[in-house]
Amino acid sequence: MSGNNLRELKIGDLTAKVPIIQGGMGIGISLSGLASAVANEGGIGVIATAVIGMLEPDLFKNFLEANERALRKEIRKARELTKGILGVNIMVALTNYADIVRTAIDEEIDIIFSGAGLPLNLPQFLEGTKKTKLVPIISSGRAASIICKRWIKKYNYLPDAIVVEGPMAGGHLGFKPEHICDPAYSLEKLIPEVMKDIRQFEIEFNKSIPIIAAGGIYTGEDIYKFFQLGVSGVQIATRFVTTHECDASSAFKQAYIDSRKEDAIIIKSPVGMPGRAIRNNFIDDVNKGKKKPFRCPYHCIITCDCKNSPYCIVLALINAQKGKLKYGFAFAGANVYRSKEIISVKKLMASLLEEYENASMKSVPFIH
């Protein structure tokens with residue numbers, strides 16, 4: 001990994017040699033296998049916590065305990081596999097949010113990434129411990145400001161970094177459906193806005209808040225482009241699915257490789273947010289009204305309209321992770337169609353750095 005001219009990413013007292021964060025992908029797509037592999041290459045590996053207890057036999061009987069148990073297992077398993085930096089992704093919309101945050105902090109996870117809602121009270125769970133860093137995931141300068149104001153006022157704490165996620169990301173999106181394709185909401189537009197909005201906090205409290213770009217970043221060239229805008233790191237998710245170490249089934253990975261550009265579509269999720277997924281028969285059936293209301297196994301997401309929803313998103317995503325795509329679907333970013341082969345995380349990280357090098361060389365003016 002040496003020889004790259006990408007700056008290290010510093011988040012508090014943590015230093016990632018490679019400023020690439022592997023995005024947290026639920027349900028069960030990024031667990032200890034993928035996260036530890038990325039951490040071993042100098043990046044930051046992230047375990048997705050949403051219904052992480054999916055493989056526990058008592059998931060729906062003891063929802064809280066099963067998820068907490070599974071999270072501890074995955075963090076400890078990842079720690080055995082790497083000495084690198086590990087994070088967890090915790091959705092604010094989870095009904096067991098507080099429980100999962102406490103468990104992650106108790107396990108001394110390095111970083112908590114938290115989005116799908118504003119993590120307004122996240123610092124309260126630290127209770128004086130300084131080990132775990134707190135990084136909100138937001139989609140606007142306004143959201144960044146609201147969090148900074150609230151955290152400073154209530155907890156005398158500023159985010160250790162901020163992930164700015166644009167509308168090309170996979171999974172649930174923090175945008176209104178009409179803004180997803182609007183150039184005014186592109187990641188290139190959002191980054192400078194967020195930087196401007198948090199600059200006042202950095203100056204006033206003499207603290208650097210690194211900005212991390214996320215959503216649709218696929219190549220080293222993309223990384224270079226966002227570094228030119230002044231970000232300190234990038235978060236990449238879709239690209240890591242087609243690796244040997246990704247924790248999804250081979251059928252899930254194959255859905256990425258087989259997808260075409262037009263297959264990455266926006267769906268209306270039962271949780272009340274738009275989401276980007278790979279179109280398949282399951283989604284087509286939902287759109288045709290063929291799915292019928294079901295009995296909710298556990299109200300796991302606060303915003304889920306489980307009484308009127310035509311399907312359970314958790315069961316659909318668990319089925320997809322296991323390769324049963326007839327009964328579910330795969331979330332993916334807008335660039336999923338570019339997935340061509342399954343490679344190792346090591347090879348992927350090396351190629352991202354090489355692509356970055358090439359992009360930076362191209363932009364250096366040639367002097368005779």
# chains A, B, ... in the order shown; residues from 1 in each chain; ligands from 1
$ residues_around --residues "Ser250 in chain A" --least-positions-apart "5" --cutoff "10 Å" --atoms "only C-alpha atoms" --output "list in words"
Val241, Thr242, Thr243, His244, Ala255, Gln321, Lys322, Gly323 and Ile342 of chain A
$ select_by_dssp --residues "range 77-131 of chain A" --states "strand (DSSP E)" --output "list in words"
Ile85, Leu86, Gly87, Val88, Asn89, Ile111, Ile112, Phe113 and Ser114 of chain A
$ write_last_selection --atoms "N, CA and C atoms" --output "PDB file, in the first residue's frame"
ATOM      1  N   ILE A  85      -8.570  -0.315  12.170  1.00  0.00           N
ATOM      2  CA  ILE A  85      -9.679   0.493  12.708  1.00  0.00           C
ATOM      3  C   ILE A  85     -11.017  -0.103  12.295  1.00  0.00           C
ATOM      4  N   LEU A  86     -11.886  -0.290  13.290  1.00  0.00           N
ATOM      5  CA  LEU A  86     -13.210  -0.865  13.040  1.00  0.00           C
ATOM      6  C   LEU A  86     -14.309   0.085  13.499  1.00  0.00           C
ATOM      7  N   GLY A  87     -15.352   0.161  12.693  1.00  0.00           N
ATOM      8  CA  GLY A  87     -16.511   0.973  13.059  1.00  0.00           C
ATOM      9  C   GLY A  87     -17.780   0.150  12.972  1.00  0.00           C
ATOM     10  N   VAL A  88     -18.865   0.715  13.489  1.00  0.00           N
ATOM     11  CA  VAL A  88     -20.191   0.127  13.288  1.00  0.00           C
ATOM     12  C   VAL A  88     -21.096   1.205  12.705  1.00  0.00           C
ATOM     13  N   ASN A  89     -22.063   0.769  11.913  1.00  0.00           N
ATOM     14  CA  ASN A  89     -23.067   1.695  11.378  1.00  0.00           C
ATOM     15  C   ASN A  89     -24.371   1.404  12.120  1.00  0.00           C
ATOM     16  N   ILE A 111     -15.277   3.493  16.138  1.00  0.00           N
ATOM     17  CA  ILE A 111     -16.115   4.575  15.595  1.00  0.00           C
ATOM     18  C   ILE A 111     -17.558   4.111  15.466  1.00  0.00           C
ATOM     19  N   ILE A 112     -18.489   5.003  15.815  1.00  0.00           N
ATOM     20  CA  ILE A 112     -19.902   4.769  15.497  1.00  0.00           C
ATOM     21  C   ILE A 112     -20.277   5.735  14.377  1.00  0.00           C
ATOM     22  N   PHE A 113     -20.735   5.182  13.254  1.00  0.00           N
ATOM     23  CA  PHE A 113     -21.306   5.979  12.158  1.00  0.00           C
ATOM     24  C   PHE A 113     -22.819   5.881  12.317  1.00  0.00           C
ATOM     25  N   SER A 114     -23.501   7.025  12.319  1.00  0.00           N
ATOM     26  CA  SER A 114     -24.936   6.968  12.587  1.00  0.00           C
ATOM     27  C   SER A 114     -25.731   7.910  11.694  1.00  0.00           C
TER      28      SER A 114
END
$ closest_atom_pairs --of "range 298-368 of chain A" --to "range 257-277 of chain A" --cutoff "12 Å" --atoms "only C-alpha atoms" --output "Markdown table"
| residue | atom | partner | partner_atom | distance |
| --- | --- | --- | --- | --- |
| A:His299 | CA | A:Val271 | CA | 10.6 |
| A:Cys300 | CA | A:Val271 | CA | 10.0 |
| A:Ile301 | CA | A:Val271 | CA | 6.9 |
| A:Ile302 | CA | A:Val271 | CA | 7.8 |
| A:Thr303 | CA | A:Val271 | CA | 5.1 |
| A:Cys304 | CA | A:Val271 | CA | 3.9 |
| A:Asp305 | CA | A:Pro270 | CA | 5.8 |
| A:Cys306 | CA | A:Pro270 | CA | 7.1 |
| A:Lys307 | CA | A:Pro270 | CA | 9.8 |
| A:Asn308 | CA | A:Pro270 | CA | 8.6 |
| A:Ser309 | CA | A:Pro270 | CA | 5.7 |
| A:Pro310 | CA | A:Pro270 | CA | 7.9 |
| A:Tyr311 | CA | A:Pro270 | CA | 7.6 |
| A:Cys312 | CA | A:Pro270 | CA | 7.5 |
| A:Ile313 | CA | A:Pro270 | CA | 6.7 |
| A:Val314 | CA | A:Pro270 | CA | 9.8 |
| A:Leu315 | CA | A:Pro270 | CA | 11.9 |
| A:Ala316 | CA | A:Pro270 | CA | 11.1 |
| A:Leu317 | CA | A:Ala277 | CA | 10.7 |
| A:Ala320 | CA | A:Ala277 | CA | 11.3 |
| A:Gly328 | CA | A:Ala277 | CA | 10.5 |
| A:Phe329 | CA | A:Ala277 | CA | 7.0 |
| A:Ala330 | CA | A:Ala277 | CA | 5.6 |
| A:Phe331 | CA | A:Ala277 | CA | 4.0 |
| A:Ala332 | CA | A:Ala277 | CA | 5.1 |
| A:Gly333 | CA | A:Arg276 | CA | 6.5 |
| A:Ala334 | CA | A:Ala264 | CA | 5.8 |
| A:Asn335 | CA | A:Lys261 | CA | 7.4 |
| A:Val336 | CA | A:Ser259 | CA | 7.0 |
| A:Tyr337 | CA | A:Arg260 | CA | 4.8 |
| A:Arg338 | CA | A:Ile257 | CA | 7.7 |
| A:Ser339 | CA | A:Ile257 | CA | 5.0 |
| A:Lys340 | CA | A:Ile257 | CA | 5.2 |
| A:Glu341 | CA | A:Ile257 | CA | 6.6 |
| A:Ile342 | CA | A:Ile257 | CA | 8.4 |
| A:Ile343 | CA | A:Ile257 | CA | 11.9 |
$ residues_around --residues "range 202-205 of chain A" --least-positions-apart "6" --cutoff "12 Å" --atoms "only C-alpha atoms" --output "number ranges by chain"
A: 145, 148-149, 152, 156-161, 195-196, 211
$ residues_around --residues "Ile29 in chain A" --least-positions-apart "2" --cutoff "7 Å" --atoms "only C-alpha atoms" --output "number ranges by chain"
A: 25-27, 31, 246-248, 321
$ atom_distance --atom1 "CA of Leu64 in chain A" --atom2 "CA of Leu120 in chain A"
22.0 Å
$ residues_around --residues "Val38 in chain A" --least-positions-apart "4" --cutoff "8 Å" --atoms "only C-alpha atoms" --output "mmCIF file with N, CA and C atoms, in the first residue's frame"
data_model
loop_
_atom_site.group_PDB
_atom_site.id
_atom_site.type_symbol
_atom_site.label_atom_id
_atom_site.label_comp_id
_atom_site.auth_asym_id
_atom_site.auth_seq_id
_atom_site.Cartn_x
_atom_site.Cartn_y
_atom_site.Cartn_z
ATOM 1 N N GLN A 22 -15.136 1.719 4.442
ATOM 2 C CA GLN A 22 -16.080 0.814 3.773
ATOM 3 C C GLN A 22 -17.441 1.060 4.414
ATOM 4 N N LEU A 34 -15.889 -8.777 6.016
ATOM 5 C CA LEU A 34 -15.543 -7.642 5.159
ATOM 6 C C LEU A 34 -14.843 -6.538 5.954
ATOM 7 N N GLY A 42 -5.543 -1.050 5.773
ATOM 8 C CA GLY A 42 -5.276 0.338 6.176
ATOM 9 C C GLY A 42 -6.473 1.259 6.098
ATOM 10 N N GLY A 43 -7.630 0.740 5.641
ATOM 11 C CA GLY A 43 -8.851 1.547 5.619
ATOM 12 C C GLY A 43 -9.629 1.369 6.920
ATOM 13 N N ILE A 44 -10.871 1.826 6.925
ATOM 14 C CA ILE A 44 -11.728 1.646 8.098
ATOM 15 C C ILE A 44 -12.849 0.681 7.713
ATOM 16 N N GLY A 45 -12.894 -0.453 8.404
ATOM 17 C CA GLY A 45 -13.922 -1.462 8.135
ATOM 18 C C GLY A 45 -15.139 -1.220 9.007
ATOM 19 N N VAL A 345 -10.412 -8.014 -1.319
ATOM 20 C CA VAL A 345 -10.370 -6.646 -0.787
ATOM 21 C C VAL A 345 -8.984 -6.043 -1.027
ATOM 22 N N LYS A 346 -7.957 -6.863 -0.868
ATOM 23 C CA LYS A 346 -6.578 -6.388 -1.074
ATOM 24 C C LYS A 346 -6.404 -5.839 -2.497
#
$ closest_residue --among "A:Ala169, A:Leu59, A:Ile198, A:Val18" --to "Tyr298 in chain A" --atoms "only C-alpha atoms"
A:Leu59
